[in-house]
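Note sheet for the following structure.
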Amino acid sequence: MKHLHYKKQEFQQDAVNAVCDVFEGEMGEISQYILGKEKSNLKDHIGGDKNIYAYKNEKISLPEDRLLENLQKVQKRNGFIGEEIATSLDKNNINLTVEMETGTGKTYTYINTIYELNKRYNWTKFIIVVPSIAIREGVYKSFEDMEYHFKSEYGKTINYFIFNSQKINNVMNFARDDGINVMIINNQAFNKKESNTIHNSDNEYGLPIRYIQTTNPIMIIDEPQTVEGKNKSNKTRLTLSEFNPLFTLRYSATHRESYNMVYKLDAVDAFNKKLVKRIEVNGIEIKGSTATHGYFLVDDIILTRSSPKARIEIDITTSKKKIKTMEEGDNIYEKYAQLEQYKGWIIDKIDGINNCITVRTPNGDKSFYKGSIYGEPNNNYKKRIQIRETIKSHLKKEALNYKHDIKTISLFFIDEVKKYRQYDDEGAPLNGEYAEIFIEEYNNILPEFIEEYPHLKDYIEKIPVEETHSGYFSIDKRKKQLKDPKLSGRGKEKVCNDVDAFELIMKDKKRLLDLKNPVRFIFSHSALKEGWDNPNVFQICILRDNESSGIKRKQEVGRGLRLCVNQDGERIDTNFEGIDANKINILTIIANESYESFAGALQSEFSENLRNRPVKFTIEFLKTQKLNGQPITDDLAREIHYDFTINGYINRDGEFTDKFFEDLKNDNIKLDESLQQSSKEIKKLAENVIDNKISIEKPKPYITATIKSDKLDTPEFDKLWNYINSKSYYTVNFDTDELIKQAVEKINKNLVVSPVYVESITKITKDKQDNGIEFQDIDGGININRIKSYISKNIKFDLISQIVDKTRLTKTTIVKILSKIDKDKFELFNENPEEFIKNISNLINEEKAKIIVKNIEYHKTDETLSKDIFENKLKLNLEKCIETPYKYIYDRLEYDSVNPEKEIGEKMDINSDLLVFAKLPKNKYNIETPIENFSPDWLMVFKEGTATHAYCVFESKGSLKEVERREIENIKIECAKKHFKAISDGNIKFKAISSVEDVINNIRLINK
């Protein structure tokens, strides 16, 4: 892999703009100055010592009130309210805070911010302060990896370096160079004045701190809660001020102090927007106290068409354990192990849905859950189970990932190097306990896995087990042996500062992503908890002891949260064509404690830094919101709340019901006729009310679906496939005058913006106080004064250019639209310029989309899709799966919704007039549209002579009424109709459906 591919993402650009826009209106300059005199034989023209010239960021010229206005505007734009909005700002001590969840590209964002600040304001001097060598090395590697990406956009590169006491001249060059310069430094390098070279140096030009101070650098603090510590008067904080920063930017996922927060992307945002992997936790715990209770481990549950089976590990002898495949009714003592503890034990029930086995015993029924160890107090054996579960999870994901050129990596966190690697008296390496267990379990599992996934045989069998695992630890350079890392700090603040450990991990990052590299399983010390990650870590196994670490679960999970990449270095996100990214991007934690314990603690850690969110859909919540740009009145709030109540969407406490989530998923939210016009906005309000908890899942029970070749290869299905397997492209020609006319009409009718004002509320203390100081209204009424605000008056907006950017129309077209709209509508710009631009652009885009659909034409290409997009085997979610033995191309079908997908699957599988039907694999059959790619749901072939349309493609929708569907859905459906007409010469029937009845009505069965 040559390099990772990076792309700008909207949320990261929002964070970049949040910082840069605070300085809007600033001229921004760098200037040359005399730093000192050359101490050499070089002389100037009059014989004196030659001057040393350097470059500095000029001081900010904007007045404080303008900076404060900019800051407040940014904060309001990004959803901050009340006390979160700044009320003052000292231009000589500007502090801005950005909060971004682990795995969302915090380092990318502040490197991008450096480039953008230079582009807008010409500033060139930057310092990045980090709390540890780990993060320092990670930041440096990020500059290396992203250099090509940013050079292609900005046309320049950054001179970046790590502060090194042995290379003080780098600091000199930092001051003297006129390009963008970044110094990366960890706080240990400067917070003890008596022992660091930044304050004490024999350098002939003087103290390095003086070079830095005179440049007025912009300071970026990465993980400030660790860099600055809790004590506000500690040495580090005092020393940071000596760098004389122009201003300070702080970036973290867990700020201790927020200063002026300008952007916040918390854990809930990151998971909801699918910016990081989903998390599932496989908890491993010991249950039962002694071996006389009977050792018992449910290793796996196998669901078949006949009776289910279970792989169960039991004692075979007093010193040996073995996995046996058992069925309901099996007597364990008689059939598998003649040990006293199993006498009278009979498998009563195998429950694949709940991953549970019920066993009848002389002492009553016992329930055993998958993954929990019963009757085995030996903690070392628990570690074996964890390693085994990690290998199994790895191989299952590898079966899916390998087909998409994605390397699968698993990470084991341990607390002592000797458990992975030991050395004999001659210094030769030996496997430690965990390495031995890994090799044994890997060799035991592999044959069965290859039998189930033969397409991986060539890849996996070429990798010797000894080469597929490796250790990433500190290195004793004298002995050339792995060692435990050096730690500094106290308690949970302890960090590893061994450079070599991180150099190895960071240098190997891209190499590990290569499928040609045999290393797939990594053992690392739990102290290496920050400053590095690998996007293709899909399993993290925590083998360390909780009690001895003081390490937060979130830190360890963070090593694998980033979205994965393929062999071309492309990130697999929701926009990646041909792959269901949501199914791929799952991080499995094999925990050393129960699911409930680990998941609960992890949720708690994530929740520590969440922004305030509404959690109930109440009248009070609605009254704080806006609808169509206007505040929601008490009457309107009650009307919306009542409508949600009578439709069964909320309970009496304002919590959403299952019916709401089902209708929301099917895009079928029902509202009273009086609210229909605002249905999209009301639905958005409801979507904003979410639970603050991160959804951390248990591993789902799955079942395998096998393709039916007799269905896939029928002449009728081949005929359907030949009709639709051609790709297409589209062209659009539309009348600009028509767009202008319709856009003007829409704007005059629908454009609203919310006025910006300051509300002053006056109350007075009560005459008589009871508990504490209380206030009351003046003269029996609330004294409210709304003062029109001129916050935006002095901020210039390039109105036309911004609308052009948002609509992608020409300046001429935008000018014509603006010149034709009503005067009172145009004057709304003065009320709230930013909202005016946003709302008018949205209205223009809606009309543009409608005209495009009317005038779009699709054309058939010579490129075709293979039937190979239908894989031989699929892993399905057992909880959302039905048997389809007759007409479906697989023996099982996984549905997204009960209505209509499950109903369609069940009823069409037994429809006597249907020959064969299939669900198109998500993101593998895509129709290009002007909005986004579209992938329909169903393919169906009916018997010739029984229907007016034998070959059909259908799209499942919650509603067939266009007014009840989102506009974007209607546009995609219209585009799909034109696509199928173009590529099949009209032989394909394409329709949106919401039930089996819609299918029947669309094909119009012929009476026999």
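Naming scheme: A, B, ... for chains in displayed order of the structure tokens; residues 1 onward per chain; ligands 1 onward as shown.
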
Would you mind writing down, as a PDB file with N, CA, C and O atoms, in the first residue's frame, each residue of stretch 785-854 of chain A that DSSP on the backbone assigns to helix (DSSP H, G or I)?
```
ATOM      1  N   LEU A 799     -23.223  37.263  -0.782  1.00  0.00           N
ATOM      2  CA  LEU A 799     -24.519  36.609  -0.937  1.00  0.00           C
ATOM      3  C   LEU A 799     -24.568  35.734  -2.178  1.00  0.00           C
ATOM      4  O   LEU A 799     -24.904  34.547  -2.120  1.00  0.00           O
ATOM      5  N   ILE A 800     -24.228  36.306  -3.322  1.00  0.00           N
ATOM      6  CA  ILE A 800     -24.369  35.581  -4.587  1.00  0.00           C
ATOM      7  C   ILE A 800     -23.431  34.378  -4.637  1.00  0.00           C
ATOM      8  O   ILE A 800     -23.842  33.267  -4.979  1.00  0.00           O
ATOM      9  N   SER A 801     -22.159  34.583  -4.251  1.00  0.00           N
ATOM     10  CA  SER A 801     -21.184  33.485  -4.321  1.00  0.00           C
ATOM     11  C   SER A 801     -21.575  32.329  -3.418  1.00  0.00           C
ATOM     12  O   SER A 801     -21.425  31.155  -3.772  1.00  0.00           O
ATOM     13  N   GLN A 802     -22.096  32.656  -2.221  1.00  0.00           N
ATOM     14  CA  GLN A 802     -22.461  31.580  -1.300  1.00  0.00           C
ATOM     15  C   GLN A 802     -23.649  30.780  -1.817  1.00  0.00           C
ATOM     16  O   GLN A 802     -23.711  29.562  -1.665  1.00  0.00           O
ATOM     17  N   ILE A 803     -24.622  31.443  -2.441  1.00  0.00           N
ATOM     18  CA  ILE A 803     -25.760  30.711  -3.012  1.00  0.00           C
ATOM     19  C   ILE A 803     -25.303  29.898  -4.220  1.00  0.00           C
ATOM     20  O   ILE A 803     -25.756  28.765  -4.435  1.00  0.00           O
ATOM     21  N   VAL A 804     -24.386  30.440  -5.001  1.00  0.00           N
ATOM     22  CA  VAL A 804     -23.815  29.689  -6.138  1.00  0.00           C
ATOM     23  C   VAL A 804     -23.157  28.411  -5.632  1.00  0.00           C
ATOM     24  O   VAL A 804     -23.352  27.327  -6.195  1.00  0.00           O
ATOM     25  N   ASP A 805     -22.370  28.521  -4.552  1.00  0.00           N
ATOM     26  CA  ASP A 805     -21.695  27.342  -3.986  1.00  0.00           C
ATOM     27  C   ASP A 805     -22.691  26.278  -3.541  1.00  0.00           C
ATOM     28  O   ASP A 805     -22.464  25.077  -3.710  1.00  0.00           O
ATOM     29  N   LYS A 806     -23.802  26.709  -2.963  1.00  0.00           N
ATOM     30  CA  LYS A 806     -24.765  25.758  -2.405  1.00  0.00           C
ATOM     31  C   LYS A 806     -25.699  25.174  -3.453  1.00  0.00           C
ATOM     32  O   LYS A 806     -26.281  24.110  -3.253  1.00  0.00           O
ATOM     33  N   THR A 807     -25.879  25.854  -4.579  1.00  0.00           N
ATOM     34  CA  THR A 807     -26.821  25.375  -5.602  1.00  0.00           C
ATOM     35  C   THR A 807     -26.135  24.871  -6.867  1.00  0.00           C
ATOM     36  O   THR A 807     -26.748  24.194  -7.681  1.00  0.00           O
ATOM     37  N   LYS A 811     -23.672  32.347 -11.601  1.00  0.00           N
ATOM     38  CA  LYS A 811     -23.953  33.629 -10.954  1.00  0.00           C
ATOM     39  C   LYS A 811     -25.079  34.375 -11.677  1.00  0.00           C
ATOM     40  O   LYS A 811     -25.927  35.011 -11.050  1.00  0.00           O
ATOM     41  N   THR A 812     -25.096  34.263 -13.009  1.00  0.00           N
ATOM     42  CA  THR A 812     -26.142  34.944 -13.793  1.00  0.00           C
ATOM     43  C   THR A 812     -27.521  34.452 -13.389  1.00  0.00           C
ATOM     44  O   THR A 812     -28.455  35.254 -13.201  1.00  0.00           O
ATOM     45  N   THR A 813     -27.666  33.134 -13.231  1.00  0.00           N
ATOM     46  CA  THR A 813     -28.965  32.565 -12.856  1.00  0.00           C
ATOM     47  C   THR A 813     -29.375  33.028 -11.461  1.00  0.00           C
ATOM     48  O   THR A 813     -30.532  33.394 -11.226  1.00  0.00           O
ATOM     49  N   ILE A 814     -28.442  33.021 -10.511  1.00  0.00           N
ATOM     50  CA  ILE A 814     -28.758  33.439  -9.145  1.00  0.00           C
ATOM     51  C   ILE A 814     -29.146  34.910  -9.101  1.00  0.00           C
ATOM     52  O   ILE A 814     -30.103  35.301  -8.415  1.00  0.00           O
ATOM     53  N   VAL A 815     -28.429  35.733  -9.843  1.00  0.00           N
ATOM     54  CA  VAL A 815     -28.769  37.169  -9.882  1.00  0.00           C
ATOM     55  C   VAL A 815     -30.182  37.372 -10.406  1.00  0.00           C
ATOM     56  O   VAL A 815     -30.958  38.177  -9.876  1.00  0.00           O
ATOM     57  N   LYS A 816     -30.553  36.619 -11.438  1.00  0.00           N
ATOM     58  CA  LYS A 816     -31.910  36.751 -11.996  1.00  0.00           C
ATOM     59  C   LYS A 816     -32.971  36.330 -10.986  1.00  0.00           C
ATOM     60  O   LYS A 816     -34.026  36.965 -10.879  1.00  0.00           O
ATOM     61  N   ILE A 817     -32.711  35.253 -10.250  1.00  0.00           N
ATOM     62  CA  ILE A 817     -33.677  34.802  -9.236  1.00  0.00           C
ATOM     63  C   ILE A 817     -33.840  35.865  -8.156  1.00  0.00           C
ATOM     64  O   ILE A 817     -34.963  36.241  -7.788  1.00  0.00           O
ATOM     65  N   LEU A 818     -32.713  36.378  -7.646  1.00  0.00           N
ATOM     66  CA  LEU A 818     -32.774  37.361  -6.558  1.00  0.00           C
ATOM     67  C   LEU A 818     -33.430  38.663  -7.004  1.00  0.00           C
ATOM     68  O   LEU A 818     -34.117  39.330  -6.219  1.00  0.00           O
ATOM     69  N   SER A 819     -33.226  39.028  -8.251  1.00  0.00           N
ATOM     70  CA  SER A 819     -33.802  40.297  -8.743  1.00  0.00           C
ATOM     71  C   SER A 819     -35.299  40.200  -8.969  1.00  0.00           C
ATOM     72  O   SER A 819     -35.984  41.222  -9.050  1.00  0.00           O
ATOM     73  N   LYS A 820     -35.844  38.965  -9.048  1.00  0.00           N
ATOM     74  CA  LYS A 820     -37.264  38.791  -9.345  1.00  0.00           C
ATOM     75  C   LYS A 820     -38.110  38.486  -8.107  1.00  0.00           C
ATOM     76  O   LYS A 820     -39.338  38.531  -8.175  1.00  0.00           O
ATOM     77  N   LYS A 823     -39.842  42.119  -2.790  1.00  0.00           N
ATOM     78  CA  LYS A 823     -38.948  42.973  -2.011  1.00  0.00           C
ATOM     79  C   LYS A 823     -38.918  42.563  -0.543  1.00  0.00           C
ATOM     80  O   LYS A 823     -37.859  42.521   0.093  1.00  0.00           O
ATOM     81  N   ASP A 824     -40.092  42.239   0.036  1.00  0.00           N
ATOM     82  CA  ASP A 824     -40.128  41.880   1.450  1.00  0.00           C
ATOM     83  C   ASP A 824     -39.368  40.584   1.718  1.00  0.00           C
ATOM     84  O   ASP A 824     -38.815  40.386   2.804  1.00  0.00           O
ATOM     85  N   LYS A 825     -39.345  39.691   0.711  1.00  0.00           N
ATOM     86  CA  LYS A 825     -38.570  38.457   0.873  1.00  0.00           C
ATOM     87  C   LYS A 825     -37.069  38.750   0.827  1.00  0.00           C
ATOM     88  O   LYS A 825     -36.287  38.202   1.600  1.00  0.00           O
ATOM     89  N   PHE A 826     -36.664  39.615  -0.089  1.00  0.00           N
ATOM     90  CA  PHE A 826     -35.245  39.938  -0.202  1.00  0.00           C
ATOM     91  C   PHE A 826     -34.744  40.650   1.055  1.00  0.00           C
ATOM     92  O   PHE A 826     -33.608  40.450   1.495  1.00  0.00           O
ATOM     93  N   LEU A 828     -35.494  40.058   3.973  1.00  0.00           N
ATOM     94  CA  LEU A 828     -35.245  39.112   5.069  1.00  0.00           C
ATOM     95  C   LEU A 828     -33.747  38.858   5.251  1.00  0.00           C
ATOM     96  O   LEU A 828     -33.317  38.400   6.309  1.00  0.00           O
ATOM     97  N   PHE A 829     -32.962  39.140   4.223  1.00  0.00           N
ATOM     98  CA  PHE A 829     -31.512  38.979   4.304  1.00  0.00           C
ATOM     99  C   PHE A 829     -30.946  39.790   5.468  1.00  0.00           C
ATOM    100  O   PHE A 829     -30.039  39.355   6.178  1.00  0.00           O
ATOM    101  N   ASN A 830     -31.493  41.005   5.680  1.00  0.00           N
ATOM    102  CA  ASN A 830     -30.996  41.862   6.757  1.00  0.00           C
ATOM    103  C   ASN A 830     -31.364  41.332   8.133  1.00  0.00           C
ATOM    104  O   ASN A 830     -30.716  41.662   9.121  1.00  0.00           O
ATOM    105  N   GLU A 831     -32.439  40.528   8.193  1.00  0.00           N
ATOM    106  CA  GLU A 831     -32.869  39.974   9.477  1.00  0.00           C
ATOM    107  C   GLU A 831     -31.887  38.909   9.986  1.00  0.00           C
ATOM    108  O   GLU A 831     -31.568  38.836  11.161  1.00  0.00           O
ATOM    109  N   PRO A 833     -28.731  37.049   7.799  1.00  0.00           N
ATOM    110  CA  PRO A 833     -28.075  36.723   6.529  1.00  0.00           C
ATOM    111  C   PRO A 833     -27.742  35.245   6.364  1.00  0.00           C
ATOM    112  O   PRO A 833     -27.950  34.661   5.303  1.00  0.00           O
ATOM    113  N   GLU A 834     -27.216  34.647   7.412  1.00  0.00           N
ATOM    114  CA  GLU A 834     -26.777  33.252   7.308  1.00  0.00           C
ATOM    115  C   GLU A 834     -27.948  32.316   7.040  1.00  0.00           C
ATOM    116  O   GLU A 834     -27.891  31.450   6.168  1.00  0.00           O
ATOM    117  N   GLU A 835     -29.055  32.495   7.782  1.00  0.00           N
ATOM    118  CA  GLU A 835     -30.216  31.634   7.591  1.00  0.00           C
ATOM    119  C   GLU A 835     -30.892  31.929   6.259  1.00  0.00           C
ATOM    120  O   GLU A 835     -31.426  31.035   5.614  1.00  0.00           O
ATOM    121  N   PHE A 836     -30.875  33.195   5.819  1.00  0.00           N
ATOM    122  CA  PHE A 836     -31.433  33.564   4.520  1.00  0.00           C
ATOM    123  C   PHE A 836     -30.738  32.775   3.409  1.00  0.00           C
ATOM    124  O   PHE A 836     -31.383  32.181   2.540  1.00  0.00           O
ATOM    125  N   ILE A 837     -29.398  32.760   3.435  1.00  0.00           N
ATOM    126  CA  ILE A 837     -28.626  32.056   2.401  1.00  0.00           C
ATOM    127  C   ILE A 837     -28.936  30.567   2.416  1.00  0.00           C
ATOM    128  O   ILE A 837     -29.147  29.936   1.377  1.00  0.00           O
ATOM    129  N   LYS A 838     -28.993  29.999   3.610  1.00  0.00           N
ATOM    130  CA  LYS A 838     -29.259  28.557   3.743  1.00  0.00           C
ATOM    131  C   LYS A 838     -30.649  28.205   3.225  1.00  0.00           C
ATOM    132  O   LYS A 838     -30.829  27.289   2.416  1.00  0.00           O
ATOM    133  N   ASN A 839     -31.668  28.947   3.671  1.00  0.00           N
ATOM    134  CA  ASN A 839     -33.052  28.602   3.322  1.00  0.00           C
ATOM    135  C   ASN A 839     -33.360  28.849   1.854  1.00  0.00           C
ATOM    136  O   ASN A 839     -34.044  28.059   1.204  1.00  0.00           O
ATOM    137  N   ILE A 840     -32.867  29.962   1.315  1.00  0.00           N
ATOM    138  CA  ILE A 840     -33.162  30.257  -0.093  1.00  0.00           C
ATOM    139  C   ILE A 840     -32.447  29.256  -1.000  1.00  0.00           C
ATOM    140  O   ILE A 840     -32.986  28.843  -2.036  1.00  0.00           O
ATOM    141  N   SER A 841     -31.251  28.811  -0.596  1.00  0.00           N
ATOM    142  CA  SER A 841     -30.517  27.801  -1.377  1.00  0.00           C
ATOM    143  C   SER A 841     -31.269  26.478  -1.381  1.00  0.00           C
ATOM    144  O   SER A 841     -31.351  25.796  -2.407  1.00  0.00           O
ATOM    145  N   ASN A 842     -31.821  26.094  -0.226  1.00  0.00           N
ATOM    146  CA  ASN A 842     -32.590  24.848  -0.144  1.00  0.00           C
ATOM    147  C   ASN A 842     -33.819  24.894  -1.052  1.00  0.00           C
ATOM    148  O   ASN A 842     -34.145  23.913  -1.734  1.00  0.00           O
ATOM    149  N   LEU A 843     -34.520  26.020  -1.064  1.00  0.00           N
ATOM    150  CA  LEU A 843     -35.721  26.148  -1.909  1.00  0.00           C
ATOM    151  C   LEU A 843     -35.353  26.076  -3.388  1.00  0.00           C
ATOM    152  O   LEU A 843     -36.048  25.437  -4.184  1.00  0.00           O
ATOM    153  N   ILE A 844     -34.261  26.721  -3.767  1.00  0.00           N
ATOM    154  CA  ILE A 844     -33.815  26.674  -5.171  1.00  0.00           C
ATOM    155  C   ILE A 844     -33.441  25.239  -5.548  1.00  0.00           C
ATOM    156  O   ILE A 844     -33.795  24.744  -6.630  1.00  0.00           O
ATOM    157  N   ASN A 845     -32.737  24.545  -4.643  1.00  0.00           N
ATOM    158  CA  ASN A 845     -32.324  23.164  -4.926  1.00  0.00           C
ATOM    159  C   ASN A 845     -33.514  22.231  -5.082  1.00  0.00           C
ATOM    160  O   ASN A 845     -33.493  21.294  -5.892  1.00  0.00           O
ATOM    161  N   GLU A 846     -34.584  22.444  -4.299  1.00  0.00           N
ATOM    162  CA  GLU A 846     -35.785  21.620  -4.435  1.00  0.00           C
ATOM    163  C   GLU A 846     -36.390  21.767  -5.828  1.00  0.00           C
ATOM    164  O   GLU A 846     -36.783  20.777  -6.458  1.00  0.00           O
ATOM    165  N   GLU A 847     -36.491  22.999  -6.294  1.00  0.00           N
ATOM    166  CA  GLU A 847     -37.058  23.229  -7.631  1.00  0.00           C
ATOM    167  C   GLU A 847     -36.127  22.705  -8.713  1.00  0.00           C
ATOM    168  O   GLU A 847     -36.571  22.158  -9.725  1.00  0.00           O
ATOM    169  N   LYS A 848     -34.825  22.846  -8.502  1.00  0.00           N
ATOM    170  CA  LYS A 848     -33.859  22.332  -9.480  1.00  0.00           C
ATOM    171  C   LYS A 848     -33.994  20.824  -9.617  1.00  0.00           C
ATOM    172  O   LYS A 848     -33.987  20.281 -10.732  1.00  0.00           O
ATOM    173  N   ALA A 849     -34.148  20.136  -8.482  1.00  0.00           N
ATOM    174  CA  ALA A 849     -34.271  18.673  -8.499  1.00  0.00           C
ATOM    175  C   ALA A 849     -35.513  18.233  -9.264  1.00  0.00           C
ATOM    176  O   ALA A 849     -35.487  17.276 -10.041  1.00  0.00           O
ATOM    177  N   LYS A 850     -36.622  18.927  -9.051  1.00  0.00           N
ATOM    178  CA  LYS A 850     -37.865  18.572  -9.755  1.00  0.00           C
ATOM    179  C   LYS A 850     -37.706  18.727 -11.266  1.00  0.00           C
ATOM    180  O   LYS A 850     -38.157  17.879 -12.049  1.00  0.00           O
ATOM    181  N   ILE A 851     -37.079  19.798 -11.685  1.00  0.00           N
ATOM    182  CA  ILE A 851     -36.894  20.039 -13.124  1.00  0.00           C
ATOM    183  C   ILE A 851     -35.920  19.025 -13.717  1.00  0.00           C
ATOM    184  O   ILE A 851     -36.108  18.530 -14.834  1.00  0.00           O
ATOM    185  N   ILE A 852     -34.877  18.694 -12.941  1.00  0.00           N
ATOM    186  CA  ILE A 852     -33.901  17.696 -13.421  1.00  0.00           C
ATOM    187  C   ILE A 852     -34.594  16.377 -13.696  1.00  0.00           C
ATOM    188  O   ILE A 852     -34.363  15.727 -14.718  1.00  0.00           O
ATOM    189  N   VAL A 853     -35.438  15.942 -12.765  1.00  0.00           N
ATOM    190  CA  VAL A 853     -36.135  14.662 -12.927  1.00  0.00           C
ATOM    191  C   VAL A 853     -36.988  14.670 -14.187  1.00  0.00           C
ATOM    192  O   VAL A 853     -37.058  13.682 -14.924  1.00  0.00           O
ATOM    193  N   LYS A 854     -37.644  15.772 -14.455  1.00  0.00           N
ATOM    194  CA  LYS A 854     -38.495  15.864 -15.654  1.00  0.00           C
ATOM    195  C   LYS A 854     -37.661  15.806 -16.932  1.00  0.00           C
ATOM    196  O   LYS A 854     -38.122  15.320 -17.962  1.00  0.00           O
TER     197      LYS A 854
END
```

- request: For A:Leu876, list every protein, DNA or RNA residue within 12 Å, evaluated using only C-alpha atoms, and leave out those in the same chain fewer than 3 positions away; present the list as a PyMOL selection string.
  value: chain A and resi 303+583+700-706+873+879-883+890-896

message: Quick one: residues within 12 Å of stretch 563-570 of chain A, only C-alpha atoms, excluding same-chain residues fewer than 6 positions away - as a PyMOL selection string?
response: chain A and resi 1-7+102-105+145+270-271+274-279+401-409+509-517+533-538+576-577+579+581-587

field: Closest of A:Tyr259, A:Tyr723, A:Tyr374, A:Phe473 to A:Asn93 - atom-to-atom distances counting only C-alpha atoms
entry: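 Using only C-alpha atoms, the shortest distance to A:Asn93 belongs to A:Tyr259.
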
message: Residues near stretch 642-652 of chain A, anyone? I mean within 12 Å using only C-alpha atoms, not counting same-chain ones fewer than 4 positions away, as an MDAnalysis selection string.
response: chainID A and resid 616:619 622 635:638 656:664 668:676 679 682:683 686 689
